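Coordinates as given in query_16.txt (compact mmCIF, C-alpha atoms):
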```txt
# COMPACT_ATOMS: atom_id res chain seq x y z
CA MET A 1 -54.17 0.92 32.12
CA THR A 2 -53.92 -0.11 28.49
CA VAL A 3 -52.91 3.39 27.41
CA GLU A 4 -50.30 3.58 30.17
CA ALA A 5 -48.90 0.17 29.20
CA ASN A 6 -48.65 1.16 25.54
CA THR A 7 -46.99 4.43 26.47
CA SER A 8 -44.48 2.57 28.65
CA ALA A 9 -43.72 0.08 25.87
CA ILE A 10 -43.19 2.88 23.37
CA SER A 11 -40.84 4.71 25.72
CA ILE A 12 -38.81 1.53 26.32
CA ALA A 13 -38.59 0.86 22.57
CA SER A 14 -37.55 4.47 22.01
CA GLU A 15 -34.79 4.18 24.61
CA ARG A 16 -33.50 0.96 23.06
CA SER A 17 -33.56 2.56 19.61
CA SER A 18 -31.64 5.59 20.87
CA VAL A 19 -28.99 3.27 22.33
CA LEU A 20 -28.73 0.92 19.36
CA ARG A 21 -28.85 3.52 16.60
CA PRO A 22 -25.33 4.96 17.13
CA ILE A 23 -23.92 1.43 17.16
CA LEU A 24 -25.77 0.49 13.97
CA GLU A 25 -24.66 3.72 12.28
CA TRP A 26 -21.06 3.04 13.23
CA LEU A 27 -21.26 -0.53 11.92
CA ALA A 28 -22.96 0.57 8.69
CA ARG A 29 -20.32 3.17 7.88
CA ARG A 30 -17.46 0.79 8.67
CA ALA A 31 -19.02 -2.11 6.76
CA GLU A 32 -19.29 -0.27 3.44
CA PRO A 33 -15.59 -0.38 2.43
CA ILE A 34 -15.28 -3.98 3.62
CA VAL A 35 -18.31 -5.24 1.72
CA ILE A 36 -17.60 -3.32 -1.49
CA SER A 37 -13.89 -4.24 -1.49
CA PHE A 38 -14.67 -7.91 -0.86
CA GLY A 39 -17.27 -7.84 -3.61
CA ALA A 40 -14.76 -6.23 -5.97
CA ILE A 41 -12.27 -9.02 -5.27
CA LEU A 42 -14.86 -11.70 -5.96
CA PHE A 43 -15.97 -10.02 -9.18
CA GLY A 44 -12.36 -9.60 -10.28
CA LEU A 45 -11.66 -13.27 -9.62
CA ALA A 46 -14.76 -14.18 -11.63
CA LEU A 47 -13.56 -12.13 -14.61
CA PHE A 48 -10.11 -13.66 -14.31
CA SER A 49 -11.69 -17.13 -14.27
CA ILE A 50 -13.25 -16.39 -17.65
CA PHE A 51 -9.81 -15.47 -18.98
CA ILE A 52 -8.38 -18.75 -17.65
CA LEU A 53 -11.20 -20.75 -19.23
CA VAL A 54 -10.62 -19.07 -22.60
CA ILE A 55 -6.99 -20.21 -22.66
CA GLY A 56 -8.07 -23.77 -21.79
CA LYS A 57 -7.07 -24.01 -18.12
CA SER A 58 -9.01 -24.79 -14.96
CA PRO A 59 -9.79 -21.80 -12.69
CA ALA A 60 -10.37 -24.13 -9.74
CA ASN A 61 -6.91 -25.64 -10.17
CA LEU A 62 -5.41 -22.18 -10.51
CA PHE A 63 -6.97 -20.86 -7.31
CA GLN A 64 -5.99 -24.01 -5.44
CA LEU A 65 -2.37 -23.58 -6.52
CA MET A 66 -2.58 -19.89 -5.64
CA TYR A 67 -3.64 -20.76 -2.12
CA THR A 68 -1.03 -23.51 -1.82
CA GLY A 69 1.77 -21.29 -3.07
CA GLY A 70 0.79 -18.35 -0.90
CA PHE A 71 -0.60 -19.78 2.34
CA GLY A 72 -0.66 -23.59 2.07
CA SER A 73 2.36 -24.23 4.30
CA TRP A 74 4.55 -22.47 6.83
CA PHE A 75 7.20 -22.04 4.14
CA SER A 76 4.64 -20.46 1.81
CA ILE A 77 3.35 -18.14 4.54
CA GLN A 78 6.87 -16.93 5.31
CA ASN A 79 7.51 -16.35 1.62
CA SER A 80 4.29 -14.34 1.38
CA LEU A 81 5.20 -12.25 4.43
CA SER A 82 8.62 -11.47 2.95
CA ARG A 83 7.02 -10.30 -0.29
CA ALA A 84 4.46 -8.26 1.65
CA ALA A 85 7.15 -6.23 3.47
CA PRO A 86 7.92 -3.79 0.62
CA LEU A 87 4.23 -3.60 -0.33
CA LEU A 88 3.40 -2.19 3.10
CA LEU A 89 5.74 0.74 2.51
CA THR A 90 4.95 1.38 -1.16
CA ALA A 91 1.21 1.32 -0.36
CA LEU A 92 1.80 4.07 2.20
CA CYS A 93 3.41 6.09 -0.60
CA VAL A 94 -0.04 6.13 -2.24
CA ALA A 95 -2.27 6.19 0.85
CA LEU A 96 -0.78 9.20 2.67
CA PRO A 97 -1.04 11.70 -0.22
CA ALA A 98 -4.53 10.34 -0.98
CA ARG A 99 -5.74 11.89 2.29
CA LEU A 100 -4.96 15.24 0.66
CA GLY A 101 -6.77 14.28 -2.53
CA LEU A 102 -3.52 13.51 -4.37
CA VAL A 103 -2.99 10.45 -6.59
CA ILE A 104 0.69 9.47 -6.48
CA ILE A 105 1.57 6.47 -8.66
CA GLY A 106 5.32 6.95 -8.99
CA GLY A 107 6.44 5.10 -5.87
CA GLU A 108 8.60 2.82 -8.02
CA GLY A 109 10.98 5.72 -8.60
CA ALA A 110 11.41 6.30 -4.87
CA VAL A 111 12.03 2.57 -4.36
CA VAL A 112 14.89 2.35 -6.86
CA LEU A 113 16.51 5.62 -5.78
CA GLY A 114 16.20 4.61 -2.14
CA GLY A 115 17.97 1.34 -2.91
CA VAL A 116 20.77 3.07 -4.82
CA ALA A 117 21.22 5.68 -2.08
CA ALA A 118 21.35 2.97 0.59
CA ALA A 119 23.98 0.99 -1.32
CA ALA A 120 26.04 4.09 -2.08
CA ILE A 121 26.14 5.30 1.53
CA ALA A 122 27.04 1.84 2.84
CA LEU A 123 30.07 1.17 0.64
CA PRO A 124 32.53 3.65 2.28
CA PHE A 125 31.64 2.54 5.82
CA VAL A 126 31.65 -1.24 5.45
CA GLY A 127 34.39 -2.52 7.74
CA THR A 128 34.85 0.79 9.54
CA LEU A 129 31.51 1.26 11.36
CA PRO A 130 29.34 -1.23 13.29
CA PRO A 131 26.69 -2.99 11.16
CA LEU A 132 23.77 -1.43 13.06
CA LEU A 133 25.08 2.08 12.48
CA VAL A 134 25.61 1.36 8.78
CA LEU A 135 22.06 0.05 8.47
CA LEU A 136 20.73 3.21 10.12
CA LEU A 137 22.75 5.34 7.70
CA MET A 138 21.38 3.29 4.79
CA ALA A 139 17.80 3.78 6.03
CA ALA A 140 18.31 7.53 6.47
CA ALA A 141 19.85 7.93 3.00
CA ALA A 142 17.07 5.90 1.38
CA MET A 143 14.32 7.86 3.13
CA ILE A 144 15.89 11.20 2.21
CA ALA A 145 16.24 10.17 -1.45
CA GLY A 146 12.69 8.84 -1.67
CA GLY A 147 11.27 11.81 0.24
CA ILE A 148 12.92 14.35 -2.04
CA TRP A 149 11.79 12.49 -5.17
CA ILE A 150 8.09 12.19 -4.30
CA GLY A 151 8.13 15.52 -2.46
CA LEU A 152 9.14 17.06 -5.78
CA ALA A 153 5.84 15.84 -7.27
CA GLY A 154 3.97 17.50 -4.40
CA PHE A 155 5.95 20.72 -4.88
CA LEU A 156 5.14 20.80 -8.59
CA ARG A 157 1.48 20.14 -7.84
CA HIS A 158 1.01 23.01 -5.42
CA TYR A 159 3.38 25.67 -6.69
CA ARG A 160 3.24 25.00 -10.44
CA GLY A 161 -0.12 23.29 -10.90
CA VAL A 162 1.46 20.18 -12.48
CA ASN A 163 -0.74 17.10 -12.19
CA GLU A 164 0.86 14.91 -9.51
CA THR A 165 -0.24 11.65 -11.14
CA ILE A 166 1.58 12.42 -14.38
CA SER A 167 4.62 14.03 -12.76
CA SER A 168 5.16 11.18 -10.26
CA LEU A 169 4.86 8.58 -13.04
CA LEU A 170 7.35 10.43 -15.27
CA LEU A 171 9.69 10.90 -12.30
CA ALA A 172 9.60 7.12 -11.81
CA TYR A 173 10.98 6.56 -15.32
CA ILE A 174 13.67 9.17 -14.71
CA ALA A 175 14.58 7.46 -11.43
CA ILE A 176 14.97 4.08 -13.14
CA ALA A 177 17.22 5.68 -15.75
CA LEU A 178 19.32 7.27 -12.98
CA MET A 179 19.58 3.92 -11.21
CA ASN A 180 20.86 2.25 -14.37
CA GLN A 181 23.35 5.08 -14.88
CA PHE A 182 24.77 4.76 -11.36
CA VAL A 183 24.73 0.97 -11.19
CA GLU A 184 26.34 0.57 -14.61
CA GLY A 185 28.69 3.51 -14.08
CA PRO A 186 30.38 4.94 -10.98
CA LEU A 187 28.89 2.49 -8.45
CA ARG A 188 29.37 -0.69 -10.49
CA ASP A 189 31.23 -3.59 -8.97
CA PRO A 190 33.87 -4.72 -11.51
CA ALA A 191 33.11 -8.34 -10.59
CA SER A 192 29.47 -8.03 -11.69
CA LEU A 193 29.84 -9.03 -15.33
CA ASN A 194 26.48 -10.44 -16.45
CA LYS A 195 24.28 -8.30 -14.19
CA PRO A 196 25.69 -4.86 -13.30
CA SER A 197 25.32 -4.12 -9.59
CA THR A 198 27.02 -2.36 -6.72
CA SER A 199 29.49 -4.15 -4.47
CA PRO A 200 27.68 -6.76 -2.34
CA LEU A 201 27.13 -6.15 1.32
CA PRO A 202 28.91 -8.52 3.73
CA ALA A 203 26.61 -10.94 5.56
CA GLU A 204 27.02 -9.14 8.88
CA TYR A 205 25.76 -5.90 7.31
CA MET A 206 22.57 -7.47 5.98
CA LEU A 207 19.19 -7.02 7.64
CA GLY A 208 18.66 -10.23 9.62
CA LYS A 209 15.71 -12.54 10.11
CA MET A 210 13.03 -12.16 12.76
CA PRO A 211 13.31 -14.66 15.65
CA GLY A 212 11.72 -18.01 14.87
CA MET A 213 10.86 -17.00 11.30
CA ASP A 214 12.54 -17.03 7.92
CA VAL A 215 11.25 -13.49 7.37
CA HIS A 216 13.49 -10.44 7.46
CA TRP A 217 12.95 -7.48 9.77
CA GLY A 218 11.55 -5.46 6.88
CA LEU A 219 8.12 -6.90 7.69
CA ALA A 220 8.22 -5.50 11.23
CA ILE A 221 9.43 -2.15 9.90
CA GLY A 222 6.53 -2.04 7.44
CA VAL A 223 3.94 -2.87 10.11
CA ILE A 224 5.35 -0.20 12.44
CA ALA A 225 5.27 2.31 9.57
CA CYS A 226 1.58 1.52 8.93
CA ILE A 227 0.68 1.96 12.60
CA ALA A 228 2.67 5.21 12.81
CA SER A 229 0.94 6.49 9.67
CA TRP A 230 -2.48 5.73 11.13
CA VAL A 231 -1.55 7.66 14.28
CA LEU A 232 -0.29 10.55 12.14
CA ILE A 233 -3.52 10.75 10.15
CA GLU A 234 -6.12 9.98 12.81
CA VAL A 235 -4.62 11.32 16.03
CA THR A 236 -2.34 14.27 15.35
CA SER A 237 -3.39 17.82 14.47
CA TYR A 238 -1.13 17.59 11.41
CA GLY A 239 -3.18 14.67 10.11
CA PHE A 240 -6.43 16.44 10.93
CA ALA A 241 -5.30 19.49 8.94
CA ALA A 242 -4.40 17.19 6.02
CA ARG A 243 -7.88 15.66 6.05
CA ILE A 244 -9.44 19.11 6.05
CA ALA A 245 -7.28 20.19 3.11
CA GLY A 246 -8.10 16.96 1.28
CA GLY A 247 -11.82 17.57 1.70
CA ASN A 248 -11.80 21.19 0.51
CA VAL A 249 -8.57 22.99 -0.30
CA ARG A 250 -10.29 26.37 -0.58
CA ALA A 251 -11.90 26.02 2.85
CA ALA A 252 -8.54 24.98 4.34
CA GLN A 253 -6.88 28.07 2.87
CA ILE A 254 -9.63 30.31 4.27
CA GLN A 255 -9.05 28.80 7.70
CA GLY A 256 -5.37 29.65 7.38
CA LEU A 257 -4.04 26.10 7.07
CA PRO A 258 -0.61 25.80 5.41
CA VAL A 259 -1.84 23.79 2.42
CA GLY A 260 1.45 24.03 0.55
CA ARG A 261 3.47 22.69 3.45
CA LEU A 262 0.91 19.95 4.01
CA ILE A 263 1.08 18.79 0.40
CA VAL A 264 4.87 18.84 0.19
CA GLY A 265 5.24 17.38 3.67
CA PHE A 266 2.86 14.47 3.16
CA THR A 267 4.29 13.59 -0.25
CA ALA A 268 7.82 13.71 1.20
CA ILE A 269 6.82 11.41 4.08
CA ALA A 270 5.15 9.07 1.60
CA GLY A 271 8.25 9.02 -0.60
CA SER A 272 10.48 8.33 2.39
CA PHE A 273 8.52 5.15 3.09
CA ALA A 274 8.94 3.99 -0.52
CA GLY A 275 12.65 4.80 -0.33
CA LEU A 276 12.87 2.72 2.85
CA ALA A 277 11.35 -0.18 0.89
CA GLY A 278 14.25 0.11 -1.56
CA MET A 279 16.75 0.03 1.30
CA ILE A 280 15.11 -3.12 2.69
CA GLU A 281 15.35 -4.80 -0.72
CA VAL A 282 19.08 -4.04 -0.81
CA ALA A 283 19.86 -4.89 2.81
CA ALA A 284 17.59 -7.92 3.23
CA VAL A 285 17.01 -9.50 -0.20
CA GLN A 286 19.38 -8.49 -3.01
CA GLY A 287 22.51 -7.63 -1.04
CA SER A 288 23.33 -4.93 -3.60
CA ALA A 289 21.66 -2.36 -5.81
CA ASN A 290 20.87 -3.67 -9.29
CA ALA A 291 18.12 -3.75 -11.89
CA SER A 292 16.07 -6.10 -9.70
CA LEU A 293 15.09 -3.08 -7.60
CA ALA A 294 12.59 -2.20 -10.34
CA ALA A 295 10.50 -5.28 -9.52
CA GLY A 296 7.13 -3.50 -9.66
CA TYR A 297 6.59 -3.16 -5.91
CA GLY A 298 5.75 0.51 -6.38
CA TYR A 299 2.98 -0.32 -8.84
CA THR A 300 1.58 -3.22 -6.79
CA GLY A 301 1.50 -0.83 -3.84
CA ILE A 302 -1.07 1.24 -5.76
CA LEU A 303 -3.41 -1.77 -5.85
CA VAL A 304 -2.83 -2.45 -2.15
CA ALA A 305 -3.60 1.17 -1.19
CA PHE A 306 -6.79 1.36 -3.26
CA LEU A 307 -8.02 -2.01 -2.03
CA ALA A 308 -7.39 -0.86 1.56
CA ARG A 309 -9.24 2.42 0.90
CA HIS A 310 -6.05 4.29 1.87
CA ASN A 311 -6.39 3.13 5.48
CA PRO A 312 -2.88 2.42 6.86
CA LEU A 313 -4.13 -0.32 9.18
CA ALA A 314 -6.11 -2.04 6.41
CA ILE A 315 -2.97 -1.99 4.27
CA ILE A 316 -1.42 -4.69 6.48
CA PRO A 317 -3.81 -7.60 5.66
CA VAL A 318 -4.23 -6.48 2.04
CA ALA A 319 -0.44 -6.41 1.51
CA ILE A 320 -0.16 -9.92 2.95
CA LEU A 321 -2.93 -11.11 0.60
CA LEU A 322 -1.23 -9.57 -2.45
CA GLY A 323 2.13 -10.88 -1.25
CA GLY A 324 0.66 -14.38 -1.17
CA ILE A 325 -0.71 -14.02 -4.70
CA ASP A 326 2.70 -12.85 -5.88
CA ALA A 327 4.45 -15.72 -4.08
CA SER A 328 2.28 -18.27 -5.88
CA GLY A 329 3.42 -17.14 -9.34
CA GLY A 330 6.27 -19.63 -9.59
CA LEU A 331 4.12 -22.60 -8.57
CA ILE A 332 1.42 -21.63 -11.09
CA GLN A 333 4.04 -21.36 -13.81
CA ARG A 334 5.44 -24.84 -13.10
CA ARG A 335 2.23 -26.77 -12.49
CA MET A 336 -0.06 -25.21 -15.12
CA ALA A 337 2.48 -24.22 -17.79
CA LEU A 338 1.32 -20.60 -17.53
CA PRO A 339 3.64 -17.60 -17.84
CA ASP A 340 4.77 -15.92 -14.64
CA ALA A 341 2.95 -12.77 -15.84
CA THR A 342 -0.35 -14.51 -15.10
CA VAL A 343 -0.22 -13.02 -11.59
CA LEU A 344 0.25 -9.58 -13.12
CA VAL A 345 -2.84 -10.10 -15.27
CA LEU A 346 -4.80 -10.97 -12.13
CA GLN A 347 -3.51 -7.88 -10.33
CA GLY A 348 -4.42 -5.69 -13.29
CA THR A 349 -7.93 -7.18 -13.44
CA LEU A 350 -8.44 -6.56 -9.72
CA PHE A 351 -7.22 -2.99 -10.05
CA VAL A 352 -9.64 -2.18 -12.88
CA VAL A 353 -12.55 -3.72 -10.98
CA ILE A 354 -11.64 -1.83 -7.79
CA LEU A 355 -11.56 1.46 -9.70
CA PHE A 356 -14.93 0.63 -11.21
CA CYS A 357 -16.40 -0.18 -7.79
CA GLU A 358 -15.37 3.23 -6.47
CA THR A 359 -18.59 4.51 -8.07
CA PHE A 360 -20.66 2.37 -5.68
CA TYR A 361 -19.62 4.18 -2.52
CA GLY A 362 -22.44 6.22 -1.04
CA ARG A 363 -25.10 4.66 -3.28
CA PHE A 364 -26.45 1.98 -0.96
CA LYS A 365 -29.00 3.09 1.58
CA ILE A 366 -28.03 0.39 4.08
CA PHE A 367 -24.55 1.87 4.42
CA ASN A 368 -25.72 5.49 4.68
CA PRO A 369 -27.43 6.25 8.02
CA ASP A 370 -28.37 9.72 6.77
CA LEU A 371 -30.88 8.07 4.44
CA TRP A 372 -32.49 5.88 7.07
CA LYS A 373 -36.04 6.74 8.03
CA ARG A 374 -36.09 8.04 11.55
CA SER A 375 -38.80 6.70 13.83
CA ALA A 376 -41.36 9.10 15.20
```

Kindly present the structure from the file in structure tokens form.
Amino acid sequence: MTVEANTSAISIASERSSVLRPILEWLARRAEPIVISFGAILFGLALFSIFILVIGKSPANLFQLMYTGGFGSWFSIQNSLSRAAPLLLTALCVALPARLGLVIIGGEGAVVLGGVAAAAIALPFVGTLPPLLVLLLMAAAAMIAGGIWIGLAGFLRHYRGVNETISSLLLAYIAIALMNQFVEGPLRDPASLNKPSTSPLPAEYMLGKMPGMDVHWGLAIGVIACIASWVLIEVTSYGFAARIAGGNVRAAQIQGLPVGRLIVGFTAIAGSFAGLAGMIEVAAVQGSANASLAAGYGYTGILVAFLARHNPLAIIPVAILLGGIDASGGLIQRRMALPDATVLVLQGTLFVVILFCETFYGRFKIFNPDLWKRSA
């Protein structure tokens, strides 16, 4: 009887283990990016606290003001959401090519060219076409401009072997120069004396606010773009082929996958999202194309994408977090007599720490079920 009881207990334990193990493996694999990313943020904040102490300020006061300015009131939350809208799209400009193993850091160029293209296409039709149709034309022009610009980096990478990180960064500087040329030249509004810009859009042609919120529709567009990108990557055969090519280009070529079209296509889609961010800045914030388009959203999007591990759905909360940090810059400057660039120093510190923590992935046994000892 004792032997039978022990055998029965072992079989029950084995059945429970076989049921629980897949769940534990799933949780372990999903927990790794969350734990490491959260740890990277805490470590980055600790390093930044040392910097604040060195210059004679209180880190506790700084973080309190950062929370107050970003999320301490309904007004602050709305301000953070508005600043997060372009970050959602510029982060996708980094995250989508990353699934193919590409590192694109020139989203700023697509943002400024998208804004200029949107303003240029709108000017002839203001007053002749309905506002909704003009906004759709602006979005299409911005996405085409951004898609061509970043798609060019993908084309150079595959067909000419040019490093996409360097080419996209250099293309960003060229794009800013082109923006200045157009805004200060053929597209300049004669009435813009101190700050050259294109002719302002009438109020009825601006992108409105979401119901019940002082946040423009760019936020909803960014969230929809993130969801659509996740579906593209995780659900469609096109996204599956991109993941295969990103894991091993040679194996993808042997299987007959169109690697060249995948690279150019994904970089073009990524650039179109960044270009759409430029259109939203023109149609919802600035009202015209000017030098304010080069506000650094393309570079902050790099931090958002890396912190989210290039997951389009994870980009949404991370962009809101970074948008809140950015929104608190003015309050920090006023209350603590710190320069507005303090927020940029924090973002740079977080980015360096996140890159450093990339080396920790796959090293912890608890997050790697393949290293767990299997029961007899």

Can you pull out the residues contacting Ala268 in chain A? Cut-off 12 Å, using all atoms listed in the file, and skip same-chain residues under 3 positions away; I want them as a PyMOL selection string. chain A and resi 92-94+96-97+104+107+110+143-155+261-265+271-275

Please report the interatomic distance between CA of Gly106 in chain A and CA of Arg250 in chain A in Å with one decimal.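 Computing it gives 26.3 Å between the two atoms.
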
Around (2.9, -6.7, 2.4) in the file's own coordinates, what residues are found within 8 Å if you use all atoms listed in the file, given back as a PyMOL selection string? chain A and resi 80-89+219+222+315-323

For Val353 in chain A: contacts at 10 Å, only C-alpha atoms, fewer than 4 positions along chain excluded, given as a PyMOL selection string: chain A and resi 37+39-45+47+347-349+357-358

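Interatomic distance, CA of Gly72 in chain A against CA of Pro59 in chain A: 17.4 Å.
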
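Relative to CA of Ile176 in chain A, CA of Asn194 in chain A is found at 18.8 Å.
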
Using all atoms listed in the file: which of A:Glu164, A:Asn79, A:Asp340, A:Ile121 has the shortest distance to Val285 in chain A: A:Asn79

Select, from A:Met336, A:Ala341, A:Met213, A:Ile280, the residue with the minimum atom-to-atom distance to Phe75 in chain A, counting only C-alpha atoms.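 Among the listed residues, A:Met213 lies closest to Phe75 in chain A.
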
Across A:Ala241, A:Ala118, A:Leu344, A:Met206, the smallest distance to Leu187 in chain A, with all atoms listed in the file counted, is shown by A:Ala118

Nearest to Leu276 in chain A: which of A:Pro312, A:Gly239, A:Pro33, A:Gly218 is it, counting only C-alpha atoms?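 Closest residue, counting only C-alpha atoms: A:Gly218.
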
As number ranges by chain, please: the residues near Leu313 in chain A (cut-off 8 Å, only C-alpha atoms, same-chain neighbours under 3 positions excluded). A: 226-227, 230, 316

Determine, counting all atoms listed in the file, which protein, DNA and RNA residues have an atom within 12 Å of an atom of Ile34 in chain A; residues of the same chain fewer than 4 positions away are not included. Present the result as a list in words.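 Once the nearby chain positions are removed, what remains is Leu27, Ala28, Arg29, Arg30, Phe38, Gly39, Ala40, Ile41, Leu307, Ala308, Arg309, Asn311, Ala314, Val318, Tyr361 and Phe367 of chain A.
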
May I have the protein, DNA and RNA residues with any atom at most 12 Å from the point (3.2, -23.1, -0.7), counting only C-alpha atoms, written as a list in words?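 Residues lying no farther than 12 Å from the given point: Gln64, Leu65, Met66, Tyr67, Thr68, Gly69, Gly70, Phe71, Gly72, Ser73, Trp74, Phe75, Ser76, Ile77, Gln78, Asn79, Ser80, Gly324, Ile325, Asp326, Ala327, Ser328, Gly329, Gly330, Leu331 and Ile332 of chain A.
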